[in-house]
Amino acid sequence: MGKPESGLLAGKRVLIMGVADKHSIAWGIAESLHQHGATLAFTFQEEPRGRLERNLRELLSSFGSPADFPRFACDVTDDSTIEAAVSGLNSAWGGLDALVHCVAFADRDDLNRPFSQISRQGYKLALEVSAYSLSAVARAALPLFQQSGGGSIIALTYNAVEKALPGYSAMAAAKAALELGVRYLAAEMGPSRVRVNAISAGPVRTLSASAVKGINALRQWTAEAAPLRDNISARDVGDTAVYLVSDLSRMVTGNTIFVDSGTHVIGAQEAAVLTRAALGS
Ligand code: NAP
């Protein structure tokens with residue numbers, strides 16, 4: 001698949017953060033944006049054996065030459081690596097039209113503990129990597145957006161925020177802070193014509209999601225009882241990202257858009273009834 005030169009997103013330069021492997025939601029987003037003609041760059045977490053960069057290079061070879069896609073090592077807990085990535089992007093492109101934040105981490109133990117038992121350190125870590133990082137990268141990238149006359153920032157969230165979802169403890173706290181950050185950043189960056197929105201995705205089997213106990217049950221429930229009676233894929237998220245990167249969403253900011261097969265409209269009691277019916281009990 002060569003690089004498309006036309007399409008809804010032709011001329012849009014997009015930085016995608018958080019491709020770990022082919023199952024990553026960030027990779028589904030990359031595929032959708034590429035299909036619609038966007039120009040892409042990536043950040044990845046550097047690790048001693050270079051596994052993530054190798055994964056990314058292999059994935060990019062399906063788009064054409066990996067050399068055509070700027071790539072920067074970036075650990076969002078380290079401001080100097082964020083600055084280095086933005087500076088590298090400035091040299092490569094001299095501006096930016098969209099940034100996709102698909103980065104999250106919580107210690108597996110703190111995910112699976114009851115909320116009252118999350119460790120102080122685990123709570124801080126989840127919030128720093130998964131929520132504070134949005135402010136850190138938005139702040140660093142603002143000058144690049146200003147050079148482009150504005151742009152779009154997209155963050156990924158999960159709806160364990162409005163109602164308690166056992167098994168998502170520390171990450172639920174982080175996602176609540178992330179969604180709040182989306183609204184505050186939308187208010188602050190709007191005058192620079194930078195839009196900030198979140199996509200709230202249904203459960204997708206990825207490396208990070210494998211740490212969430214009960215993901216298989218959630219997917220089974222989604223297939224059997226969610227309004228659209230089907231699970232979502234990373235490409236479903238990617239296709240919504242196409243809209244948010246494009247000028248079609250030019251007056252849309254501060255929102256959380258659900259790509260969850262409609263699960264968020266179902267109340268807990270309704271869910272219990274539907275689940276029992278689906279299981280025939
Ligand atoms: P994923 O493939 O494991 O992606 C998570 C990414 O975050 C990985 O590339 C990971 O790199 C990166 N990361 C972790 N700590 C980092 C750090 N300090 N600096 C830079 N990068 C770091 O999992 P995913 O499910 O696609 O997650 C993408 C986003 O979607 C996350 O915000 C997640 O919460 C959200 N989401 C996922 C689901 C789902 O069901 N999968 C549902 C709703 C929302 P390493 O591999 O090196 O740690």
# chains A, B, ... in the order shown; residues from 1 in each chain; ligands from 1
>>> select_by_dssp(residues="segment 77-198 of chain A", states="strand (DSSP E or B)", output="PDB file with C-alpha atoms, in the first residue's frame")
ATOM      1  CA  ALA A  98      -3.224  16.733  14.727  1.00  0.00           C
ATOM      2  CA  LEU A  99      -1.892  14.776  17.674  1.00  0.00           C
ATOM      3  CA  VAL A 100      -3.308  11.413  18.752  1.00  0.00           C
ATOM      4  CA  HIS A 101      -2.618  10.480  22.406  1.00  0.00           C
ATOM      5  CA  GLY A 151      -5.340  21.649  14.747  1.00  0.00           C
ATOM      6  CA  SER A 152      -6.883  18.713  16.561  1.00  0.00           C
ATOM      7  CA  ILE A 153      -5.846  16.718  19.637  1.00  0.00           C
ATOM      8  CA  ILE A 154      -7.467  13.335  20.285  1.00  0.00           C
ATOM      9  CA  ALA A 155      -7.166  11.329  23.521  1.00  0.00           C
ATOM     10  CA  LEU A 156      -8.401   7.798  24.194  1.00  0.00           C
ATOM     11  CA  THR A 157     -10.570   7.091  27.221  1.00  0.00           C
ATOM     12  CA  VAL A 194      -6.780  23.830  18.549  1.00  0.00           C
ATOM     13  CA  ARG A 195      -9.645  21.402  19.176  1.00  0.00           C
ATOM     14  CA  VAL A 196      -9.349  18.784  21.923  1.00  0.00           C
ATOM     15  CA  ASN A 197     -11.633  15.747  22.073  1.00  0.00           C
ATOM     16  CA  ALA A 198     -11.684  12.256  23.542  1.00  0.00           C
TER      17      ALA A 198
END
>>> residues_near_ligand(ligand="ligand 1", cutoff="6 Å", atoms="only C-alpha atoms and all ligand atoms", output="VMD selection string")
chain A and resid 18 to 20 24 to 26 45 74 to 77 102 to 105 129 156 to 158 200 to 209
>>> residues_around(residues="segment 60-63 of chain A", least_positions_apart="3", cutoff="12 Å", atoms="only C-alpha atoms", output="PyMOL selection string")
chain A and resi 1-4+19+21-22+27+30-35+37-42+53-57+66-71
>>> write_last_selection(atoms="C-alpha atoms", output="short mmCIF file (atom, residue, chain, number, x, y, z; two decimals), in the first residue's frame")
data_model
loop_
_atom_site.label_atom_id
_atom_site.label_comp_id
_atom_site.auth_asym_id
_atom_site.auth_seq_id
_atom_site.Cartn_x
_atom_site.Cartn_y
_atom_site.Cartn_z
CA MET A 1 0.00 0.00 0.00
CA GLY A 2 1.80 3.20 -1.13
CA LYS A 3 1.28 6.63 0.36
CA PRO A 4 -2.02 8.12 -0.81
CA VAL A 19 1.74 2.11 18.84
CA ASP A 21 2.06 -3.60 18.13
CA LYS A 22 -0.49 -4.44 15.43
CA TRP A 27 -2.23 1.35 14.94
CA ALA A 30 -2.81 5.02 11.88
CA GLU A 31 -4.36 2.69 9.28
CA SER A 32 -7.56 4.75 9.02
CA LEU A 33 -5.72 8.09 8.83
CA HIS A 34 -3.29 6.73 6.24
CA GLN A 35 -6.14 5.37 4.14
CA GLY A 37 -4.37 10.49 2.95
CA ALA A 38 -2.85 11.85 6.19
CA THR A 39 0.91 12.28 6.57
CA LEU A 40 2.01 10.43 9.72
CA ALA A 41 4.75 10.56 12.35
CA PHE A 42 5.04 8.43 15.47
CA GLU A 53 10.63 0.56 17.22
CA ARG A 54 11.09 -2.74 15.37
CA ASN A 55 7.34 -3.44 15.62
CA LEU A 56 6.60 0.03 14.28
CA ARG A 57 9.06 -0.29 11.37
CA PRO A 66 9.33 3.34 6.93
CA ALA A 67 11.87 6.12 6.26
CA ASP A 68 8.98 8.30 5.04
CA PHE A 69 7.46 8.32 8.55
CA PRO A 70 9.36 10.36 11.18
CA ARG A 71 9.69 8.40 14.43
#
>>> closest_residue(among="A:Val14, A:Val161, A:Ala226, A:Ala131", to="Gly95 of chain A", atoms="only C-alpha atoms")
A:Val14
>>> closest_residue(among="A:Leu165, A:Val265, A:Ala187, A:Ala225", to="Asn112 of chain A", atoms="only C-alpha atoms")
A:Leu165
>>> select_by_dssp(residues="segment 20-201 of chain A", states="helix (DSSP H, G or I)", output="MDAnalysis selection string")
chainID A and resid 25:35 51:60 66:68 79:93 108:112 115:117 120:147 169:192
>>> residues_around(residues="Ala136 of chain A", least_positions_apart="2", cutoff="10 Å", atoms="only C-alpha atoms", output="PyMOL selection string")
chain A and resi 76-79+82-83+128+131-134+138-141
>>> atom_distance(atom1="atom CA of Ser261 of chain A", atom2="atom CA of Leu15 of chain A")
26.9 Å
>>> residues_around(residues="Gly167 of chain A", least_positions_apart="4", cutoff="10 Å", atoms="only C-alpha atoms", output="NGL selection string")
:A and (108-115 or 160 or 171-172 or 211-215)
>>> closest_residue(among="A:Ser6, A:Asn231, A:Ser169, A:Gln269", to="Tyr123 of chain A", atoms="only C-alpha atoms")
A:Ser169
>>> residues_around(residues="Arg120 of chain A", least_positions_apart="6", cutoff="12 Å", atoms="only C-alpha atoms", output="PyMOL selection string")
chain A and resi 107+110+126-127+170
>>> closest_residue(among="A:Ala10, A:Leu96, A:Ala241, A:Ile29", to="Gly150 of chain A", atoms="only C-alpha atoms")
A:Leu96
>>> decode(residues="segment 145-161 of chain A", atoms="all heavy atoms", output="compact mmCIF listing (two decimals), in the first residue's frame")
# COMPACT_ATOMS: atom_id res chain seq x y z
N PHE A 145 1.24 23.64 16.46
CA PHE A 145 -0.14 23.87 16.01
C PHE A 145 -0.32 25.33 15.58
O PHE A 145 -0.99 25.63 14.58
CB PHE A 145 -1.13 23.55 17.12
CG PHE A 145 -1.39 22.08 17.32
CD1 PHE A 145 -1.17 21.46 18.54
CD2 PHE A 145 -1.88 21.29 16.28
CE1 PHE A 145 -1.42 20.11 18.73
CE2 PHE A 145 -2.14 19.93 16.45
CZ PHE A 145 -1.90 19.34 17.68
N GLN A 146 0.29 26.24 16.34
CA GLN A 146 0.13 27.67 16.00
C GLN A 146 0.75 27.98 14.64
O GLN A 146 0.23 28.78 13.87
CB GLN A 146 0.73 28.54 17.12
CG GLN A 146 -0.19 28.54 18.34
CD GLN A 146 0.44 29.14 19.59
OE1 GLN A 146 1.66 29.06 19.77
NE2 GLN A 146 -0.38 29.74 20.45
N GLN A 147 1.86 27.27 14.34
CA GLN A 147 2.47 27.47 13.01
C GLN A 147 1.54 27.01 11.90
O GLN A 147 1.64 27.45 10.76
CB GLN A 147 3.79 26.69 12.91
CG GLN A 147 4.93 27.33 13.71
CD GLN A 147 6.16 26.42 13.76
OE1 GLN A 147 6.58 25.92 12.73
NE2 GLN A 147 6.72 26.22 14.93
N SER A 148 0.63 26.09 12.24
CA SER A 148 -0.30 25.56 11.23
C SER A 148 -1.66 26.27 11.26
O SER A 148 -2.57 25.89 10.54
CB SER A 148 -0.56 24.07 11.48
OG SER A 148 0.65 23.38 11.57
N GLY A 149 -1.81 27.24 12.17
CA GLY A 149 -3.10 27.94 12.28
C GLY A 149 -4.15 27.14 13.04
O GLY A 149 -5.35 27.42 12.94
N GLY A 150 -3.72 26.14 13.82
CA GLY A 150 -4.66 25.37 14.64
C GLY A 150 -4.52 23.89 14.39
O GLY A 150 -3.59 23.45 13.70
N GLY A 151 -5.43 23.10 14.95
CA GLY A 151 -5.34 21.65 14.75
C GLY A 151 -6.27 20.89 15.67
O GLY A 151 -7.21 21.46 16.22
N SER A 152 -5.98 19.60 15.82
CA SER A 152 -6.88 18.71 16.56
C SER A 152 -6.07 17.78 17.45
O SER A 152 -5.10 17.17 16.99
CB SER A 152 -7.70 17.90 15.54
OG SER A 152 -8.44 16.89 16.18
N ILE A 153 -6.47 17.68 18.72
CA ILE A 153 -5.85 16.72 19.64
C ILE A 153 -6.91 15.70 20.01
O ILE A 153 -8.06 16.05 20.32
CB ILE A 153 -5.31 17.42 20.91
CG1 ILE A 153 -4.20 18.41 20.54
CG2 ILE A 153 -4.80 16.40 21.92
CD1 ILE A 153 -3.65 19.22 21.72
N ILE A 154 -6.53 14.41 19.97
CA ILE A 154 -7.47 13.34 20.29
C ILE A 154 -6.85 12.48 21.39
O ILE A 154 -5.69 12.05 21.28
CB ILE A 154 -7.73 12.44 19.05
CG1 ILE A 154 -8.26 13.27 17.89
CG2 ILE A 154 -8.69 11.30 19.40
CD1 ILE A 154 -8.28 12.52 16.56
N ALA A 155 -7.62 12.22 22.45
CA ALA A 155 -7.17 11.33 23.52
C ALA A 155 -8.11 10.13 23.58
O ALA A 155 -9.26 10.22 23.18
CB ALA A 155 -7.15 12.07 24.86
N LEU A 156 -7.60 9.03 24.10
CA LEU A 156 -8.40 7.80 24.19
C LEU A 156 -8.81 7.55 25.64
O LEU A 156 -7.95 7.52 26.52
CB LEU A 156 -7.57 6.62 23.69
CG LEU A 156 -7.81 6.19 22.25
CD1 LEU A 156 -9.19 5.57 22.08
CD2 LEU A 156 -7.68 7.35 21.29
N THR A 157 -10.12 7.35 25.86
CA THR A 157 -10.57 7.09 27.22
C THR A 157 -11.46 5.85 27.26
O THR A 157 -11.73 5.25 26.21
CB THR A 157 -11.30 8.33 27.79
OG1 THR A 157 -11.59 8.10 29.18
CG2 THR A 157 -12.59 8.63 27.05
N TYR A 158 -11.84 5.48 28.47
CA TYR A 158 -12.71 4.32 28.65
C TYR A 158 -13.76 4.67 29.69
O TYR A 158 -13.46 5.33 30.69
CB TYR A 158 -11.90 3.08 29.10
CG TYR A 158 -12.76 1.86 29.24
CD1 TYR A 158 -13.36 1.29 28.11
CD2 TYR A 158 -13.01 1.30 30.49
CE1 TYR A 158 -14.18 0.18 28.24
CE2 TYR A 158 -13.82 0.19 30.61
CZ TYR A 158 -14.41 -0.36 29.48
OH TYR A 158 -15.23 -1.45 29.59
N ASN A 159 -14.99 4.24 29.46
CA ASN A 159 -16.08 4.69 30.32
C ASN A 159 -16.21 3.86 31.60
O ASN A 159 -17.21 3.23 31.87
CB ASN A 159 -17.40 4.69 29.54
CG ASN A 159 -18.48 5.46 30.29
OD1 ASN A 159 -18.15 6.29 31.14
ND2 ASN A 159 -19.73 5.18 30.00
N ALA A 160 -15.13 3.93 32.38
CA ALA A 160 -15.20 3.42 33.75
C ALA A 160 -15.17 4.63 34.67
O ALA A 160 -14.68 4.57 35.79
CB ALA A 160 -14.02 2.51 34.02
N VAL A 161 -15.66 5.75 34.13
CA VAL A 161 -15.53 7.04 34.77
C VAL A 161 -16.85 7.48 35.41
O VAL A 161 -16.88 7.96 36.54
CB VAL A 161 -15.09 8.08 33.70
CG1 VAL A 161 -15.20 9.49 34.22
CG2 VAL A 161 -13.67 7.78 33.25
